[in-house]
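Text of the file query.cif, holding mmCIF, C-alpha atoms and all ligand atoms:
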data_my_file
loop_
_atom_site.label_atom_id
_atom_site.label_comp_id
_atom_site.auth_asym_id
_atom_site.auth_seq_id
_atom_site.Cartn_x
_atom_site.Cartn_y
_atom_site.Cartn_z
CA GLU A 460 -53.51 -104.75 29.56
CA HIS A 461 -56.30 -102.26 30.22
CA PRO A 462 -57.84 -100.50 27.23
CA LYS A 463 -57.02 -96.80 27.03
CA LEU A 464 -60.05 -94.55 26.94
CA LEU A 465 -60.40 -90.77 26.66
CA PHE A 466 -63.30 -88.87 28.22
CA LEU A 467 -64.33 -85.42 27.11
CA ALA A 468 -67.19 -82.97 27.30
CA GLY A 469 -68.27 -80.83 24.36
CA SER A 470 -68.44 -77.81 26.64
CA ALA A 471 -65.81 -75.65 28.32
CA ARG A 472 -68.34 -74.05 30.66
CA GLN A 473 -67.32 -74.01 34.32
CA GLY A 474 -70.54 -75.59 35.57
CA SER A 475 -70.98 -77.86 32.55
CA PHE A 476 -73.47 -80.70 33.03
CA ASN A 477 -71.74 -82.60 30.28
CA ARG A 478 -68.44 -82.43 32.10
CA LYS A 479 -70.19 -83.94 35.12
CA LEU A 480 -71.43 -86.72 32.88
CA ALA A 481 -67.97 -87.30 31.36
CA LYS A 482 -66.39 -87.41 34.82
CA LEU A 483 -68.96 -89.86 36.10
CA ALA A 484 -68.56 -92.03 33.00
CA ALA A 485 -64.76 -92.06 33.43
CA GLY A 486 -65.13 -93.34 36.99
CA LEU A 487 -67.53 -96.05 35.88
CA ALA A 488 -65.25 -97.13 33.02
CA GLU A 489 -62.34 -97.33 35.43
CA GLY A 490 -64.47 -99.66 37.53
CA GLU A 491 -64.92 -101.79 34.41
CA GLY A 492 -61.17 -102.13 33.98
CA ALA A 493 -60.24 -99.27 31.65
CA ASN A 494 -57.29 -96.93 31.86
CA VAL A 495 -59.08 -93.56 31.70
CA THR A 496 -57.99 -90.02 30.87
CA LEU A 497 -60.34 -87.11 31.45
CA LEU A 498 -59.66 -84.30 28.96
CA GLU A 499 -60.66 -80.64 28.98
CA LEU A 500 -61.17 -79.08 25.56
CA ALA A 501 -60.30 -75.70 27.11
CA ASP A 502 -56.77 -77.05 27.60
CA TYR A 503 -56.49 -77.34 23.81
CA PRO A 504 -57.48 -73.90 22.55
CA LEU A 505 -57.79 -73.84 18.76
CA PRO A 506 -58.71 -71.21 16.20
CA ILE A 507 -61.75 -71.87 14.03
CA TYR A 508 -60.43 -74.02 11.21
CA ASN A 509 -59.31 -72.13 8.14
CA GLY A 510 -57.43 -73.76 5.26
CA ASP A 511 -55.24 -70.70 4.72
CA LEU A 512 -54.13 -70.75 8.34
CA GLU A 513 -53.29 -74.43 8.10
CA GLU A 514 -51.30 -73.85 4.91
CA GLU A 515 -49.37 -70.93 6.39
CA GLN A 516 -48.79 -72.19 9.94
CA GLY A 517 -49.45 -75.91 9.88
CA ILE A 518 -51.54 -77.73 12.48
CA PRO A 519 -51.57 -75.79 15.77
CA LYS A 520 -49.67 -77.38 18.64
CA PRO A 521 -52.76 -78.04 20.82
CA ALA A 522 -54.33 -79.98 17.94
CA ARG A 523 -51.16 -82.03 17.45
CA GLU A 524 -51.00 -82.81 21.16
CA LEU A 525 -54.64 -83.82 21.41
CA LYS A 526 -54.44 -85.82 18.20
CA LYS A 527 -51.55 -87.82 19.62
CA LYS A 528 -53.73 -88.78 22.58
CA PHE A 529 -56.46 -89.93 20.20
CA ILE A 530 -54.00 -91.95 18.11
CA ASP A 531 -52.73 -93.61 21.30
CA CYS A 532 -56.19 -94.47 22.66
CA ASP A 533 -58.41 -97.47 22.00
CA GLY A 534 -61.64 -95.55 22.35
CA PHE A 535 -63.31 -92.47 23.70
CA PHE A 536 -66.45 -91.13 25.35
CA ILE A 537 -68.04 -87.80 24.51
CA ALA A 538 -70.71 -86.10 26.60
CA SER A 539 -71.95 -83.25 24.48
CA PRO A 540 -74.49 -80.50 24.73
CA GLU A 541 -76.94 -80.02 21.90
CA TYR A 542 -76.79 -76.58 20.29
CA ASN A 543 -79.83 -75.96 18.13
CA SER A 544 -80.17 -79.69 17.62
CA SER A 545 -76.57 -80.13 16.54
CA ILE A 546 -72.89 -80.39 17.50
CA PRO A 547 -71.49 -77.42 19.49
CA PRO A 548 -68.81 -75.53 17.53
CA LEU A 549 -66.11 -76.10 20.17
CA LEU A 550 -66.44 -79.86 19.78
CA LYS A 551 -66.86 -79.84 16.00
CA ASN A 552 -63.90 -77.52 15.48
CA THR A 553 -61.68 -79.65 17.71
CA LEU A 554 -62.71 -82.87 15.98
CA ASP A 555 -62.16 -81.20 12.59
CA TRP A 556 -58.60 -80.14 13.46
CA LEU A 557 -57.82 -83.68 14.63
CA SER A 558 -58.93 -85.05 11.27
CA ARG A 559 -56.17 -83.18 9.42
CA LYS A 560 -52.93 -84.88 8.35
CA GLU A 561 -49.64 -83.53 9.66
CA SER A 562 -47.62 -85.06 6.84
CA ALA A 563 -48.25 -86.70 3.48
CA ASP A 564 -47.18 -90.15 4.67
CA GLU A 565 -49.56 -90.18 7.63
CA PRO A 566 -52.56 -92.49 7.11
CA PRO A 567 -55.84 -90.59 6.77
CA LEU A 568 -57.98 -90.07 9.87
CA ALA A 569 -55.40 -91.70 12.14
CA ALA A 570 -57.08 -90.19 15.20
CA TYR A 571 -60.36 -91.93 14.46
CA LYS A 572 -60.08 -95.03 12.31
CA GLY A 573 -60.58 -98.28 14.20
CA LYS A 574 -61.45 -96.54 17.48
CA VAL A 575 -64.68 -97.09 19.35
CA ALA A 576 -66.76 -94.32 20.88
CA ALA A 577 -69.75 -94.01 23.16
CA LEU A 578 -71.86 -90.86 23.27
CA SER A 579 -74.10 -89.18 25.79
CA ALA A 580 -75.65 -85.80 26.34
CA ALA A 581 -77.04 -83.63 29.11
CA SER A 582 -79.31 -80.64 28.89
CA PRO A 583 -81.55 -78.63 31.19
CA GLY A 584 -84.24 -79.20 28.56
CA GLY A 585 -86.65 -82.07 28.19
CA ASN A 586 -84.93 -84.08 25.48
CA GLY A 587 -81.58 -84.17 27.27
CA GLY A 588 -79.68 -83.12 24.15
CA LEU A 589 -80.65 -86.30 22.33
CA ARG A 590 -81.07 -84.59 18.94
CA GLY A 591 -77.47 -83.36 18.96
CA LEU A 592 -76.20 -86.92 19.20
CA VAL A 593 -77.70 -87.74 15.79
CA PRO A 594 -75.28 -85.58 13.75
CA LEU A 595 -72.39 -86.39 16.10
CA ARG A 596 -72.93 -90.13 15.68
CA MET A 597 -73.27 -89.75 11.93
CA MET A 598 -70.11 -87.70 11.63
CA LEU A 599 -67.98 -90.04 13.74
CA GLY A 600 -69.27 -93.07 11.85
CA ASN A 601 -68.35 -91.41 8.57
CA ILE A 602 -64.75 -90.93 9.68
CA GLY A 603 -64.13 -94.51 10.75
CA VAL A 604 -65.24 -94.68 14.37
CA HIS A 605 -67.21 -97.70 15.65
CA LEU A 606 -70.08 -96.46 17.77
CA ILE A 607 -71.69 -98.13 20.75
CA PRO A 608 -75.43 -98.15 19.93
CA GLN A 609 -76.58 -97.36 23.48
CA GLN A 610 -76.53 -93.74 24.59
CA LEU A 611 -77.85 -91.73 27.50
CA ALA A 612 -79.48 -88.31 27.29
CA VAL A 613 -79.93 -86.66 30.68
CA ALA A 614 -82.90 -84.29 30.64
CA GLY A 615 -83.47 -81.71 33.37
CA ALA A 616 -79.71 -81.80 33.96
CA GLY A 617 -79.80 -79.02 36.55
CA ASP A 618 -81.45 -81.41 38.98
CA ALA A 619 -80.06 -84.74 37.73
CA PHE A 620 -76.77 -84.93 39.68
CA ASP A 621 -76.19 -85.14 43.42
CA ASP A 622 -73.42 -83.29 45.25
CA ASP A 623 -70.96 -86.10 44.55
CA GLY A 624 -71.60 -85.82 40.81
CA ARG A 625 -73.53 -89.07 40.62
CA LEU A 626 -76.80 -89.35 38.72
CA LYS A 627 -79.73 -89.36 41.13
CA SER A 628 -81.70 -91.73 38.90
CA ASP A 629 -80.67 -95.35 39.44
CA GLN A 630 -81.96 -96.20 36.02
CA GLN A 631 -79.78 -93.57 34.34
CA LEU A 632 -76.78 -94.68 36.37
CA GLN A 633 -77.37 -98.27 35.32
CA THR A 634 -77.70 -97.25 31.68
CA LEU A 635 -74.43 -95.31 31.82
CA THR A 636 -72.71 -98.24 33.56
CA GLY A 637 -73.96 -100.57 30.80
CA ILE A 638 -72.65 -98.20 28.13
CA MET A 639 -69.24 -98.11 29.82
CA ARG A 640 -69.17 -101.90 30.04
CA GLU A 641 -69.80 -102.08 26.30
CA LEU A 642 -67.20 -99.41 25.54
CA VAL A 643 -64.58 -101.28 27.55
CA ARG A 644 -65.52 -104.64 26.04
CA VAL A 645 -65.45 -103.43 22.41
CA SER A 646 -62.27 -101.38 22.86
CA ARG A 647 -60.55 -104.49 24.20
CA GLN A 648 -61.79 -106.52 21.24
CA LEU A 649 -60.72 -103.96 18.66
CA ARG A 650 -57.27 -103.65 20.17
CA ASP A 651 -56.51 -107.38 20.37
C1 LIG B 701 -78.41 -74.36 23.77
N1 LIG B 701 -79.07 -75.26 24.59
C2 LIG B 701 -79.89 -76.22 24.02
N2 LIG B 701 -80.44 -77.23 24.78
C3 LIG B 701 -81.18 -78.21 24.22
O1 LIG B 701 -81.64 -79.09 24.91
N3 LIG B 701 -81.46 -78.18 22.88
C4 LIG B 701 -80.96 -77.22 22.06
O2 LIG B 701 -81.18 -77.26 20.87
C5 LIG B 701 -80.14 -76.20 22.63
N4 LIG B 701 -79.61 -75.20 21.85
C6 LIG B 701 -78.67 -74.35 22.39
C7 LIG B 701 -77.99 -73.45 21.56
C8 LIG B 701 -77.03 -72.63 22.08
C9 LIG B 701 -76.28 -71.71 21.16
C10 LIG B 701 -76.73 -72.65 23.46
C11 LIG B 701 -75.65 -71.77 24.04
C12 LIG B 701 -77.41 -73.51 24.29
C13 LIG B 701 -78.90 -75.22 26.04
C14 LIG B 701 -77.82 -76.16 26.49
O3 LIG B 701 -78.31 -77.48 26.56
C15 LIG B 701 -77.31 -75.74 27.87
O4 LIG B 701 -76.68 -74.49 27.77
C16 LIG B 701 -76.39 -76.78 28.50
O5 LIG B 701 -76.23 -76.47 29.86
C17 LIG B 701 -75.07 -76.82 27.79
O6 LIG B 701 -74.29 -77.91 28.25
P1 LIG B 701 -73.22 -77.76 29.43
O7 LIG B 701 -72.39 -76.53 29.15
O8 LIG B 701 -73.99 -77.64 30.70
O9 LIG B 701 -72.43 -79.02 29.35
#

Re-express the file's structure as structure tokens.
Amino acid sequence: EHPKLLFLAGSARQGSFNRKLAKLAAGLAEGEGANVTLLELADYPLPIYNGDLEEEQGIPKPARELKKKFIDCDGFFIASPEYNSSIPPLLKNTLDWLSRKESADEPPLAAYKGKVAALSAASPGGNGGLRGLVPLRMMLGNIGVHLIPQQLAVAGAGDAFDDDGRLKSDQQLQTLTGIMRELVRVSRQLRD
């Protein structure tokens, strides 16, 4: 059976470069034999986490729905912008909500533990959002996710993609393909 992988961008912006990257990665992973689902964080609107809100109203429905997809997957890919060298609040807030238990008998961090993730970034700037992947990688590792060591940061993102959404640089495309191959391979291994 094909490993189930989720693809998401840490940006809800219409013209998001990171969405382009996530879409491209999903196509490449499909080519490597994965069953892929491209997700839009904007489809799962969530309030900024607040413990009082959780206590009074429970986990919001969009968080429960998205969490179920994470529990059901073998691994995921995140293409994320770097905001001031760190994780954008949309992505962090979503990942935080998914870390919460819905009931006392649920195992902790069910959305994350034993999953594998690969990370990439895109930015109009010169470092391609590379610095933001440091805290993202650290956080995911701390909550039980296995991380693929290789990552791609696409600098000058405004000029990096062609009209079909492919990376113009062969080297970058090869790197991303290699990352997807690893993600598929490890997700298969972890599942079996
Ligand atoms: C940015 N951006 C940015 N870029 C970067 O390379 N390093 C950085 O530290 C930051 N910091 C930052 C902070 C905030 C608050 C914003 C709104 C933006 C620019 C960012 O990379 C750019 O907006 C990307 O286009 C965002 O990714 P998407 O939406 O294209 O996927």

Show me, as a VMD selection string, the residues that have an atom within 9 Å of Gln631 of chain A when counting only C-alpha atoms, minus same-chain residues fewer than 4 positions from it. chain A and resid 611 to 613 626 to 627 635 to 636

Taking all atoms listed in the file into account, list the residues no farther than 7 Å from ligand LIG 701 (chain B), as a short mmCIF file (atom, residue, chain, number, x, y, z; two decimals) with C-alpha atoms, keeping the file's coordinate frame.
data_model
loop_
_atom_site.label_atom_id
_atom_site.label_comp_id
_atom_site.auth_asym_id
_atom_site.auth_seq_id
_atom_site.Cartn_x
_atom_site.Cartn_y
_atom_site.Cartn_z
CA ALA A 468 -67.19 -82.97 27.30
CA GLY A 469 -68.27 -80.83 24.36
CA SER A 470 -68.44 -77.81 26.64
CA ALA A 471 -65.81 -75.65 28.32
CA ARG A 472 -68.34 -74.05 30.66
CA GLY A 474 -70.54 -75.59 35.57
CA SER A 475 -70.98 -77.86 32.55
CA PHE A 476 -73.47 -80.70 33.03
CA ASN A 477 -71.74 -82.60 30.28
CA ARG A 478 -68.44 -82.43 32.10
CA SER A 539 -71.95 -83.25 24.48
CA PRO A 540 -74.49 -80.50 24.73
CA GLU A 541 -76.94 -80.02 21.90
CA TYR A 542 -76.79 -76.58 20.29
CA ASN A 543 -79.83 -75.96 18.13
CA SER A 544 -80.17 -79.69 17.62
CA SER A 545 -76.57 -80.13 16.54
CA ALA A 581 -77.04 -83.63 29.11
CA SER A 582 -79.31 -80.64 28.89
CA PRO A 583 -81.55 -78.63 31.19
CA GLY A 584 -84.24 -79.20 28.56
CA GLY A 585 -86.65 -82.07 28.19
CA ASN A 586 -84.93 -84.08 25.48
CA GLY A 587 -81.58 -84.17 27.27
CA GLY A 588 -79.68 -83.12 24.15
#

Please measure the separation of atom CA of Glu489 of chain A and atom CA of Leu642 of chain A, giving the value in Å to one decimal.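 About the pair atom CA of Glu489 of chain A and atom CA of Leu642 of chain A: they are 11.2 Å apart.
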
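Atom CA of Leu589 of chain A is found 26.3 Å from atom CA of Leu505 of chain A.
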
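For the choices A:Gly486, A:Lys520, A:Gln609, A:Ser646, the atom-to-atom distance to Thr634 of chain A is smallest for A:Gln609 when using only C-alpha atoms.
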
Could you tell me how far atom CA of Gly573 of chain A sits from atom CA of Gly492 of chain A, in Å to one decimal place?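 Computing it gives 20.2 Å between the two atoms.
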
Return as lines of an AutoDock Vina configuration file the centre and edge lengths, in Å with one decimal, of the box along x, y and z that encloses every atom of segment 602-616 of chain A in the file, padded by 5 Å per side.
center_x = -73.8
center_y = -89.9
center_z = 21.8
size_x = 29.3
size_y = 26.4
size_z = 34.3
